[in-house]
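S.K.: My questions will all concern the structure given below.
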Amino acid sequence: MTDHAATPAASATEPRLADLDAGALAAGYAAGTFTPRAVAEDVIARIEAREPELNALYLFDPAQVRADADAATERWATGSARGPLDGVPVTVKENIARAGQPKPAGTAIPNPPMAAQNAPTTDRLLEAGAVIIGSTTMPDWGMLSSGVSSLHGITRGGLNPAHTSGGSSAGAGAAAAAGYGPLHVGTDIGGSIRLPGSWQGLTALKPSEGLIPLDVPYTGRAAGPLTRTAADSVRLMAVIAQPDPRDYLTRAYAGMEWSTEALAPTGMRVALQLDAGSGLPVEPETRAAIEHAAELFAEAGAIVEPLAPFIGPEVLDGIVGFWRSRSFADYSALTPAEQAVVLPFIVEWCRAGADYSAAETVRNRGMMDEMARLTRAATAPYDLVLSPVTPVAAFPAEDPMPILDPLQTMGHISFTAPYNMSGQPALSIGAGIQEDGRTIGLQIAAPIGSDDRLLRIATWFETVRGAEAAVDWSRLP
């Protein structure tokens with residue numbers, strides 16, 4: 001077996017080990033071409049080169065990474081590998097529990113809670129032999145669509161550090177784009193996986209509700225993959241999309257076929273939604289990219305029909321209002337000293353939740369159910385729904401939101417939030433690159449429980465979208 005630990009950089013014609021997808025890594029391990037330790041060394045080198053600027057990792061212990069990679073190397077050498085993810089690098093968002101590690105949720109509040117046990121996702125990854133490179137950053141309480149945090153500072157985009165990473169799975173998106181290994185897990189309650197995906201050219205899936213079990217379930221919340229390719233999302237889902245009794249809101253799903261084989265949408269009834277009915281207007285370059293994507297579906301034999309707006313502003317405003325109240329409840333429970341370290345934008349944002357009466361709070365909470373009802377009713381006739389992920393392209397990394405007034409609603413999540421509430425799977429996949437280099441994500445949504453088919457369709461889309469619509473990962477440092 002050849003170990004390339006001493007020479008991690010690839011030649012001009014070969015990708016670096018850190019840039020190989022999970023399938024290529026498993027094949028290389030099995031053939032003895034390279035080892036998990038060699039791959040870990042290349043990922044560590046990449047992190048050391050880029051992390052001072054990107055700030056994507058919260059917990060990173062190179063000694064532990066090397067030890068875990070050595071154990072995986074030994075398993076492959078002795079024919080006892082645990083499966084295709086054994087020795088493959090992966091990161092998890094900091095709110096995905098790792099036993100004995102802190103969970104500060106992006107805030108600088110002292111003495112963050114310590115995880116007593118692993119989250120289900122963490123357990124599944126460790127059982128599969130994956131090498132957890134570290135935990136990735138998030139903004140305060142996950143309530144921003146950026147990487148701005150009172151604890152971490154600013155997490156920057158892996159494609160262009162001047163741009164936001166997106167959030168709240170900020171570090172996960174930056175780590176995926178920068179090549180801190182192939183597999184990354186984030187969480188999403190209104191777009192927090194798909195927004196970093198859209199703004200960094202990734203494939204990023206918010207799965208069907210409960211398909212990936214959570215140890216802290218909540219209405220609309222999901223965990224899911226952020227990867228450079230749809231195939232790697234498939235490989236990750238095959239491991240972490242397994243039932244776990246700790247998620248008391250989970251549902252039973254029929255077995256899924258996690259195949260990396262492309263599936264064309266021939267004969268499928270596909271909706272095209274270009275107006276969410278609320279939130280920010282769609283920027284012209286984004287609209288053009290989504291319309292072109294719909295043309296590719298039609299050329300493949302899909303029946304593409306326009307879909308009218310189905311979520312009014314009062315529904316989105318009500319949900320955001322409830323989130324404000326929920327966060328204000330958390331904020332008001334802090335001591336004055338603890339409140340002083342919370343990000344000022346978040347403080348102003350959640351204080352607006354104190355003004356709602358009990359009746360208004362209940363009505364706002366009811367808008368989650370109303371959004372779910374409206375979304376399922378509007379999309380029921382279709383196999384797929386195409387739309388922008390978000391109306392706007394990436395904004396400056398220093399900004400907490402694309403809308404800088406904390407008292408305005410979250411007008412950039414009007415396309416993503418409906419599928420959190422309805423529980424339907426929805427993913428972001430790169431569909432275009434603007435003249436200024438910012439990426440555009442196509443959102444593809446599908447019926448509950450069709451995640452495996454959805455990812456196969458995403459795999460097909462990668463084959464037809466054209467090189468001009470996809471990030472050239474080989475050009476990154």
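Labels used: A, B, ... for chains in the order of the structure tokens, numbers from 1 for residues in each chain, and numbers from 1 for ligands as shown.
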Output as a PyMOL selection string all residues of segment 204-369 of chain A that backbone DSSP marks as helix (DSSP H, G or I).

M.R.: chain A and resi 230-240+284-299+313-332+336-339+344-355+358-369

S.K.: Could you name the residues that touch segment 252-267 of chain A at 6 Å or less, counting only C-alpha atoms, but leaving out those on the same chain fewer than 3 positions away, as a PyMOL selection string?

M.R.: chain A and resi 231+234+238+300-302+452+456-457+459-460

S.K.: As JSON, numbers by chain, please: the residues near Asp70 of chain A (cut-off 12 Å, only C-alpha atoms, same-chain neighbours under 6 positions excluded).

M.R.: {"A": [3, 5, 35, 36, 37, 38, 39, 40, 41, 63, 64, 76, 77, 86, 87, 88, 129, 130, 131]}

S.K.: Applying 9 Å and only C-alpha atoms, which residues near Asp244 of chain A remain after dropping the ones on its own chain fewer than 5 positions away? List them as a PyMOL selection string.

M.R.: chain A and resi 120+212-215+250

S.K.: May I have the residues from that selection written out with C-alpha atoms, as a PDB file, in the first residue's frame?

M.R.:
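This went into selection21.pdb:
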ATOM      1  CA  PRO A 120     -27.942  10.331  15.939  1.00  0.00           C
ATOM      2  CA  ILE A 212     -32.509  12.126   9.336  1.00  0.00           C
ATOM      3  CA  PRO A 213     -33.283  11.798  13.057  1.00  0.00           C
ATOM      4  CA  LEU A 214     -32.534  14.700  15.385  1.00  0.00           C
ATOM      5  CA  ASP A 215     -31.833  14.638  19.094  1.00  0.00           C
ATOM      6  CA  THR A 250     -39.755  11.163  13.339  1.00  0.00           C
TER       7      THR A 250
END

S.K.: Write out as a PyMOL selection string each polymer residue whose atoms come within 12 Å of Ala288 of chain A, counting only C-alpha atoms; drop sequence neighbours fewer than 5 positions from it.

M.R.: chain A and resi 274+282-283+293-295+387-388+391+431-434+440-442+469

S.K.: Keeping only N, CA and C atoms, write the selected residues as a CSV table (one decimal), in the first residue's frame.

M.R.:
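Dumped to again-v2.csv:
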chain,number,residue,atom,x,y,z
A,274,LEU,N,-41.7,31.2,-10.1
A,274,LEU,CA,-40.7,32.3,-10.2
A,274,LEU,C,-41.1,33.4,-9.3
A,282,VAL,N,-37.2,38.6,-7.2
A,282,VAL,CA,-36.2,37.7,-7.8
A,282,VAL,C,-35.3,38.6,-8.7
A,283,GLU,N,-34.0,38.5,-8.5
A,283,GLU,CA,-33.1,39.3,-9.3
A,283,GLU,C,-33.0,38.8,-10.7
A,293,ALA,N,-32.9,26.5,-16.6
A,293,ALA,CA,-33.0,25.2,-16.0
A,293,ALA,C,-34.3,24.5,-16.4
A,294,ALA,N,-35.4,25.2,-16.3
A,294,ALA,CA,-36.7,24.7,-16.6
A,294,ALA,C,-36.7,24.2,-18.1
A,295,GLU,N,-36.1,25.0,-19.0
A,295,GLU,CA,-36.0,24.6,-20.4
A,295,GLU,C,-35.3,23.2,-20.5
A,387,SER,N,-37.7,26.3,-8.6
A,387,SER,CA,-37.8,27.7,-8.2
A,387,SER,C,-36.4,28.1,-7.9
A,388,PRO,N,-36.2,29.4,-7.7
A,388,PRO,CA,-34.9,29.9,-7.1
A,388,PRO,C,-34.8,29.3,-5.7
A,391,PRO,N,-34.1,34.7,-3.7
A,391,PRO,CA,-34.2,35.7,-4.8
A,391,PRO,C,-33.0,36.5,-5.1
A,431,ALA,N,-27.0,26.2,-10.7
A,431,ALA,CA,-27.7,26.4,-12.0
A,431,ALA,C,-27.2,27.5,-12.8
A,432,GLY,N,-26.2,28.3,-12.3
A,432,GLY,CA,-25.7,29.4,-13.0
A,432,GLY,C,-24.7,30.2,-12.2
A,433,ILE,N,-23.9,30.9,-12.9
A,433,ILE,CA,-22.9,31.8,-12.3
A,433,ILE,C,-23.1,33.2,-12.9
A,434,GLN,N,-23.2,34.2,-12.1
A,434,GLN,CA,-23.4,35.5,-12.6
A,434,GLN,C,-22.2,36.1,-13.2
A,440,ILE,N,-25.7,30.8,-8.5
A,440,ILE,CA,-27.2,30.8,-8.4
A,440,ILE,C,-27.6,29.4,-8.2
A,441,GLY,N,-28.4,29.2,-7.2
A,441,GLY,CA,-28.9,27.8,-6.9
A,441,GLY,C,-30.3,27.6,-7.4
A,442,LEU,N,-30.6,26.5,-8.1
A,442,LEU,CA,-31.9,26.0,-8.4
A,442,LEU,C,-32.4,25.2,-7.3
A,469,ALA,N,-22.5,26.7,-15.8
A,469,ALA,CA,-23.4,26.8,-14.7
A,469,ALA,C,-22.8,26.2,-13.4

S.K.: Contacts of Pro447 of chain A at 7 Å or less, counting only C-alpha atoms, minus same-chain residues fewer than 3 places along, as a VMD selection string?

M.R.: chain A and resid 383 424 to 425 450

S.K.: Let me make sure I understand: among A:Gly186, A:Gly32, A:Gly167, A:Gly79, which one has the smallest atom-to-atom distance to Ala97 of chain A if we use only C-alpha atoms?

M.R.: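 Using only C-alpha atoms, the shortest distance to Ala97 of chain A belongs to A:Gly186.
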
S.K.: Out of segment 212-457 of chain A, which residues get strand (DSSP E) from DSSP, as a count of residues only?

M.R.: 34

S.K.: Identify, on the basis of only C-alpha atoms, every residue whose closest approach to Tyr331 of chain A does not exceed 8 Å; exclude the query and any residue fewer than 3 positions from it along the same chain; express the result as a VMD selection string.

M.R.: chain A and resid 327 to 328 334 339 347 350
